[in-house]
Amino acid sequence: MALINIIVALVGVGAVALNSHPDFPPLTASYFYESAEHGEISARFFGTTTILFNDGEDAILIDGFFSRPDKNKILFGRLSPDKARLKKIVECCIPSNLNSIFVAHAHHDHALDAGFIAKLTGATIYGSRSALIVANAVDNTELKSVLNAPLTNQEIIRNGSVYSSKNNKFKVIAIETPHSASLLSQDSIDPDFRFPAKITDFRPGENYSFLIEHESAGILFVTSANKLSDALKGLKADITILSIGGIGTETNEYTRVKLIEEYWNAAVKATGAKVVVPVHWDDFTRPLGETLVAFPYVIDRVDRTFATIQVLAKRDGVAIRFMPTNKVVKLAPQ
Ligand SMILES: [Zn+2]
């Protein structure tokens, strides 16, 4: 076989593997479906960890990732915010009362579009130094782009600091928690970072989880799945939004189940949350459509992680509910 055939065959096998994924969420999964009244918290889930919270007065966004560049761009190309797609997202789905954007870390699947959304909406953006470097990055290919306008309001997150939305409806406490185990670098980003950028240029910096306090509920948003140790000690929440990506890759069952149980105990059992919303389970190389698809088997095993989580939820009397994609639903603590 000629070398080119071998390469084509290998790429073909890789492509098949990247398209083979568990059916997830399972058919029996429970979803939020009610709509919210003014003063209640509504949530809109855009895949991965990008969620908009709105009570009619204040709207806040956790993470900013809508462009969802495909596998080819990630593996062989360079990444930029998809400006046309983002303008449409702002028109259709971002309310005019959005005033605060919080970014967990500087990887592309959390931070890629946050700066551009902030520039289009005038919202204040909060993130680590690395996340703000991505938010401020200029685009070398389009010097007149809105992307190259300066950010109006931004603030570097400090661990344990409390931030308030414009009308004080949401109080957001930033808590540094570990990033999930990753083959990619865990360093901080290069200050000279520009768009378009290679996937390996998005170095995460610190990772932050967020306790979002509102008069109707306390929501703990854990943005990356790993052993939490004492990072969340003493925090209480009604709802935990739980990232489950990257924690199911360990092949040794005993080690994997133990890690997931430790993660659950810190994020759910110890906080007293009675509702858990799994997030960061979808294949973020696919566009934001009606139906999100789980990470391929070769990348992660969210089905395995979920099986363990279901046992723990039953043990602790916790309900697991999913958020539908790109729909506004009432986020209630039962
Ligand atoms: Zn990451």
# chains A, B, ... in the order shown; residues from 1 in each chain; ligands from 1

call {"tool": "residues_near_ligand", "arguments": {"ligand": "ligand 1", "cutoff": "8 Å", "atoms": "only C-alpha atoms and all ligand atoms", "output": "MDAnalysis selection string"}}
result
chainID A and resid 105:110 179:180 182 204 224

call {"tool": "closest_atom_pairs", "arguments": {"of": "region 210-238 of chain A", "to": "region 31-54 of chain A", "cutoff": "10 Å", "atoms": "only C-alpha atoms", "output": "tab-separated table"}}
result
residue	atom	partner	partner_atom	distance
A:Ile212	CA	A:Phe53	CA	9.6
A:His214	CA	A:Ile41	CA	8.1
A:Glu215	CA	A:Glu40	CA	8.7
A:Ser216	CA	A:Glu40	CA	6.6
A:Ala217	CA	A:Ile41	CA	8.2
A:Phe221	CA	A:Thr49	CA	8.9
A:Val222	CA	A:Thr49	CA	9.1
A:Thr223	CA	A:Thr49	CA	6.7
A:Ser224	CA	A:Thr49	CA	8.9

call {"tool": "write_last_selection", "arguments": {"atoms": "C-alpha atoms", "output": "short mmCIF file (atom, residue, chain, number, x, y, z; two decimals), in the first residue's frame"}}
result
data_model
loop_
_atom_site.label_atom_id
_atom_site.label_comp_id
_atom_site.auth_asym_id
_atom_site.auth_seq_id
_atom_site.Cartn_x
_atom_site.Cartn_y
_atom_site.Cartn_z
CA ILE A 212 -24.36 32.40 41.72
CA HIS A 214 -30.12 35.00 43.64
CA GLU A 215 -33.08 35.52 45.94
CA SER A 216 -34.83 32.50 44.43
CA ALA A 217 -31.90 30.02 44.46
CA PHE A 221 -21.53 26.21 38.65
CA VAL A 222 -18.55 23.85 38.58
CA THR A 223 -16.86 24.61 35.31
CA SER A 224 -14.31 21.79 35.03
#

call {"tool": "residues_around", "arguments": {"residues": "Ser145 (chain A)", "least_positions_apart": "3", "cutoff": "12 Å", "atoms": "only C-alpha atoms", "output": "VMD selection string"}}
result
chain A and resid 80 to 84 116 119 to 120 137 to 142 148 to 150 195

call {"tool": "atom_distance", "arguments": {"atom1": "CA of Phe76 (chain A)", "atom2": "CA of Phe295 (chain A)"}}
result
19.3 Å

call {"tool": "residues_around", "arguments": {"residues": "Gln334 (chain A)", "least_positions_apart": "2", "cutoff": "12 Å", "atoms": "only C-alpha atoms", "output": "list in words"}}
result
Ser30, Tyr31, Phe32, Ser216, Ala217, Asp238, Ile239, Thr240, Ala273, Lys274, Val275, Val276, Val277, Gly317, Val318, Ala319, Ile320, Arg321, Lys330, Leu331 and Ala332 of chain A

call {"tool": "closest_residue", "arguments": {"among": "A:Val162, A:Ile117, A:Val103, A:Val279", "to": "Gly205 (chain A)", "atoms": "only C-alpha atoms"}}
result
A:Val103

call {"tool": "select_by_dssp", "arguments": {"residues": "region 55-254 of chain A", "states": "alpha helix (DSSP H)", "output": "PyMOL selection string"}}
result
chain A and resi 71-76+83-93+108-111+114-121+129-136+253-254

call {"tool": "write_last_selection", "arguments": {"atoms": "C-alpha atoms", "output": "mmCIF file, in the first residue's frame"}}
result
data_model
loop_
_atom_site.group_PDB
_atom_site.id
_atom_site.type_symbol
_atom_site.label_atom_id
_atom_site.label_comp_id
_atom_site.auth_asym_id
_atom_site.auth_seq_id
_atom_site.Cartn_x
_atom_site.Cartn_y
_atom_site.Cartn_z
ATOM 1 C CA LYS A 71 -12.528 19.253 13.957
ATOM 2 C CA ASN A 72 -10.545 20.246 10.885
ATOM 3 C CA LYS A 73 -10.044 23.781 12.134
ATOM 4 C CA ILE A 74 -9.093 22.521 15.580
ATOM 5 C CA LEU A 75 -6.668 19.868 14.356
ATOM 6 C CA PHE A 76 -5.144 21.565 11.335
ATOM 7 C CA LYS A 83 -18.321 37.031 13.740
ATOM 8 C CA ALA A 84 -21.353 36.390 11.520
ATOM 9 C CA ARG A 85 -22.576 33.615 13.797
ATOM 10 C CA LEU A 86 -22.036 35.748 16.889
ATOM 11 C CA LYS A 87 -23.966 38.699 15.509
ATOM 12 C CA LYS A 88 -26.887 36.325 14.866
ATOM 13 C CA ILE A 89 -26.596 34.899 18.387
ATOM 14 C CA VAL A 90 -26.712 38.387 19.897
ATOM 15 C CA GLU A 91 -29.782 39.228 17.794
ATOM 16 C CA CYS A 92 -31.699 36.064 18.532
ATOM 17 C CA CYS A 93 -30.660 34.991 21.944
ATOM 18 C CA HIS A 108 -11.274 28.066 23.452
ATOM 19 C CA ASP A 109 -14.383 26.129 24.512
ATOM 20 C CA HIS A 110 -14.961 28.620 27.342
ATOM 21 C CA ALA A 111 -13.341 31.880 26.268
ATOM 22 C CA ALA A 114 -16.623 36.073 25.365
ATOM 23 C CA GLY A 115 -14.715 39.228 24.386
ATOM 24 C CA PHE A 116 -16.624 39.652 21.138
ATOM 25 C CA ILE A 117 -19.973 39.238 22.924
ATOM 26 C CA ALA A 118 -18.832 41.813 25.504
ATOM 27 C CA LYS A 119 -17.906 44.224 22.706
ATOM 28 C CA LEU A 120 -21.247 43.742 20.944
ATOM 29 C CA THR A 121 -23.321 44.136 24.121
ATOM 30 C CA ARG A 129 -5.549 37.403 33.309
ATOM 31 C CA SER A 130 -5.376 34.657 30.629
ATOM 32 C CA ALA A 131 -9.110 34.777 29.911
ATOM 33 C CA LEU A 132 -8.939 38.567 29.552
ATOM 34 C CA ILE A 133 -6.005 38.270 27.140
ATOM 35 C CA VAL A 134 -8.273 36.159 24.895
ATOM 36 C CA ALA A 135 -11.117 38.666 25.367
ATOM 37 C CA ASN A 136 -8.839 41.551 24.340
ATOM 38 C CA GLU A 253 -12.886 1.362 37.011
ATOM 39 C CA TYR A 254 -12.061 1.546 40.712
#

call {"tool": "atom_distance", "arguments": {"atom1": "CA of Leu288 (chain A)", "atom2": "CA of Gly56 (chain A)"}}
result
24.5 Å

call {"tool": "select_by_dssp", "arguments": {"residues": "region 241-330 of chain A", "states": "strand (DSSP E or B)", "output": "list in words"}}
result
Ile241, Leu242, Ser243, Val275, Val276, Val277, Pro278, Val279, Asp282, Ala294, Ala319, Ile320, Arg321, Phe322, Thr325, Val328, Val329 and Lys330 of chain A

call {"tool": "write_last_selection", "arguments": {"atoms": "N, CA and C atoms", "output": "short mmCIF file (atom, residue, chain, number, x, y, z; two decimals), in the first residue's frame"}}
result
data_model
loop_
_atom_site.label_atom_id
_atom_site.label_comp_id
_atom_site.auth_asym_id
_atom_site.auth_seq_id
_atom_site.Cartn_x
_atom_site.Cartn_y
_atom_site.Cartn_z
N ILE A 241 -24.66 23.01 38.93
CA ILE A 241 -24.43 22.78 37.50
C ILE A 241 -23.05 22.15 37.40
N LEU A 242 -23.04 20.90 36.95
CA LEU A 242 -21.85 20.07 37.11
C LEU A 242 -21.23 19.70 35.76
N SER A 243 -20.01 20.19 35.53
CA SER A 243 -19.30 19.76 34.32
C SER A 243 -18.92 18.30 34.48
N VAL A 275 -30.60 19.42 43.27
CA VAL A 275 -30.76 19.27 41.81
C VAL A 275 -29.38 19.40 41.17
N VAL A 276 -29.07 18.48 40.28
CA VAL A 276 -27.80 18.55 39.55
C VAL A 276 -28.10 18.63 38.05
N VAL A 277 -27.41 19.57 37.41
CA VAL A 277 -27.58 19.76 35.96
C VAL A 277 -26.25 19.43 35.27
N PRO A 278 -26.16 18.28 34.60
CA PRO A 278 -24.88 17.95 33.93
C PRO A 278 -24.64 18.85 32.70
N VAL A 279 -23.45 19.36 32.59
CA VAL A 279 -23.05 20.15 31.41
C VAL A 279 -21.64 19.73 30.97
N ASP A 282 -21.10 17.68 25.74
CA ASP A 282 -21.33 17.64 24.30
C ASP A 282 -20.05 17.82 23.49
N ALA A 294 -22.95 13.80 22.27
CA ALA A 294 -21.92 13.62 23.30
C ALA A 294 -20.52 13.54 22.69
N ALA A 319 -32.00 15.02 42.45
CA ALA A 319 -32.58 14.87 41.10
C ALA A 319 -31.56 15.32 40.05
N ILE A 320 -31.47 14.60 38.96
CA ILE A 320 -30.60 15.02 37.84
C ILE A 320 -31.50 15.51 36.72
N ARG A 321 -31.27 16.75 36.31
CA ARG A 321 -32.09 17.32 35.23
C ARG A 321 -31.19 17.99 34.20
N PHE A 322 -31.51 17.80 32.96
CA PHE A 322 -30.74 18.41 31.87
C PHE A 322 -31.41 19.69 31.39
N THR A 325 -31.26 22.47 24.74
CA THR A 325 -30.30 23.34 24.07
C THR A 325 -30.98 24.59 23.52
N VAL A 328 -35.09 28.89 26.49
CA VAL A 328 -35.18 29.57 27.78
C VAL A 328 -36.09 28.76 28.70
N VAL A 329 -35.54 28.33 29.82
CA VAL A 329 -36.34 27.54 30.78
C VAL A 329 -36.15 28.10 32.18
N LYS A 330 -37.12 27.80 33.01
CA LYS A 330 -37.03 28.23 34.41
C LYS A 330 -36.11 27.26 35.15
#

call {"tool": "atom_distance", "arguments": {"atom1": "CA of Leu232 (chain A)", "atom2": "CA of Lys269 (chain A)"}}
result
11.3 Å

call {"tool": "closest_residue", "arguments": {"among": "A:Leu61, A:Gln310, A:Leu98, A:Arg304", "to": "Glu250 (chain A)", "atoms": "only C-alpha atoms"}}
result
A:Arg304

call {"tool": "closest_residue", "arguments": {"among": "A:Asn207, A:Ala104, A:Thr249, A:Ala237", "to": "Phe65 (chain A)", "atoms": "only C-alpha atoms"}}
result
A:Ala104

call {"tool": "closest_residue", "arguments": {"among": "A:Thr28, A:Leu292, A:Asn252, A:Asn167", "to": "Pro324 (chain A)", "atoms": "only C-alpha atoms"}}
result
A:Leu292

call {"tool": "closest_residue", "arguments": {"among": "A:Tyr126, A:Asp187, A:Ile60, A:Pro196", "to": "Ala174 (chain A)", "atoms": "only C-alpha atoms"}}
result
A:Tyr126

call {"tool": "closest_residue", "arguments": {"among": "A:Asp23, A:Ile189, A:Gly64, A:Pro69", "to": "Val302 (chain A)", "atoms": "only C-alpha atoms"}}
result
A:Asp23

call {"tool": "residues_around", "arguments": {"residues": "Thr308 (chain A)", "least_positions_apart": "2", "cutoff": "12 Å", "atoms": "only C-alpha atoms", "output": "count of residues only"}}
result
26
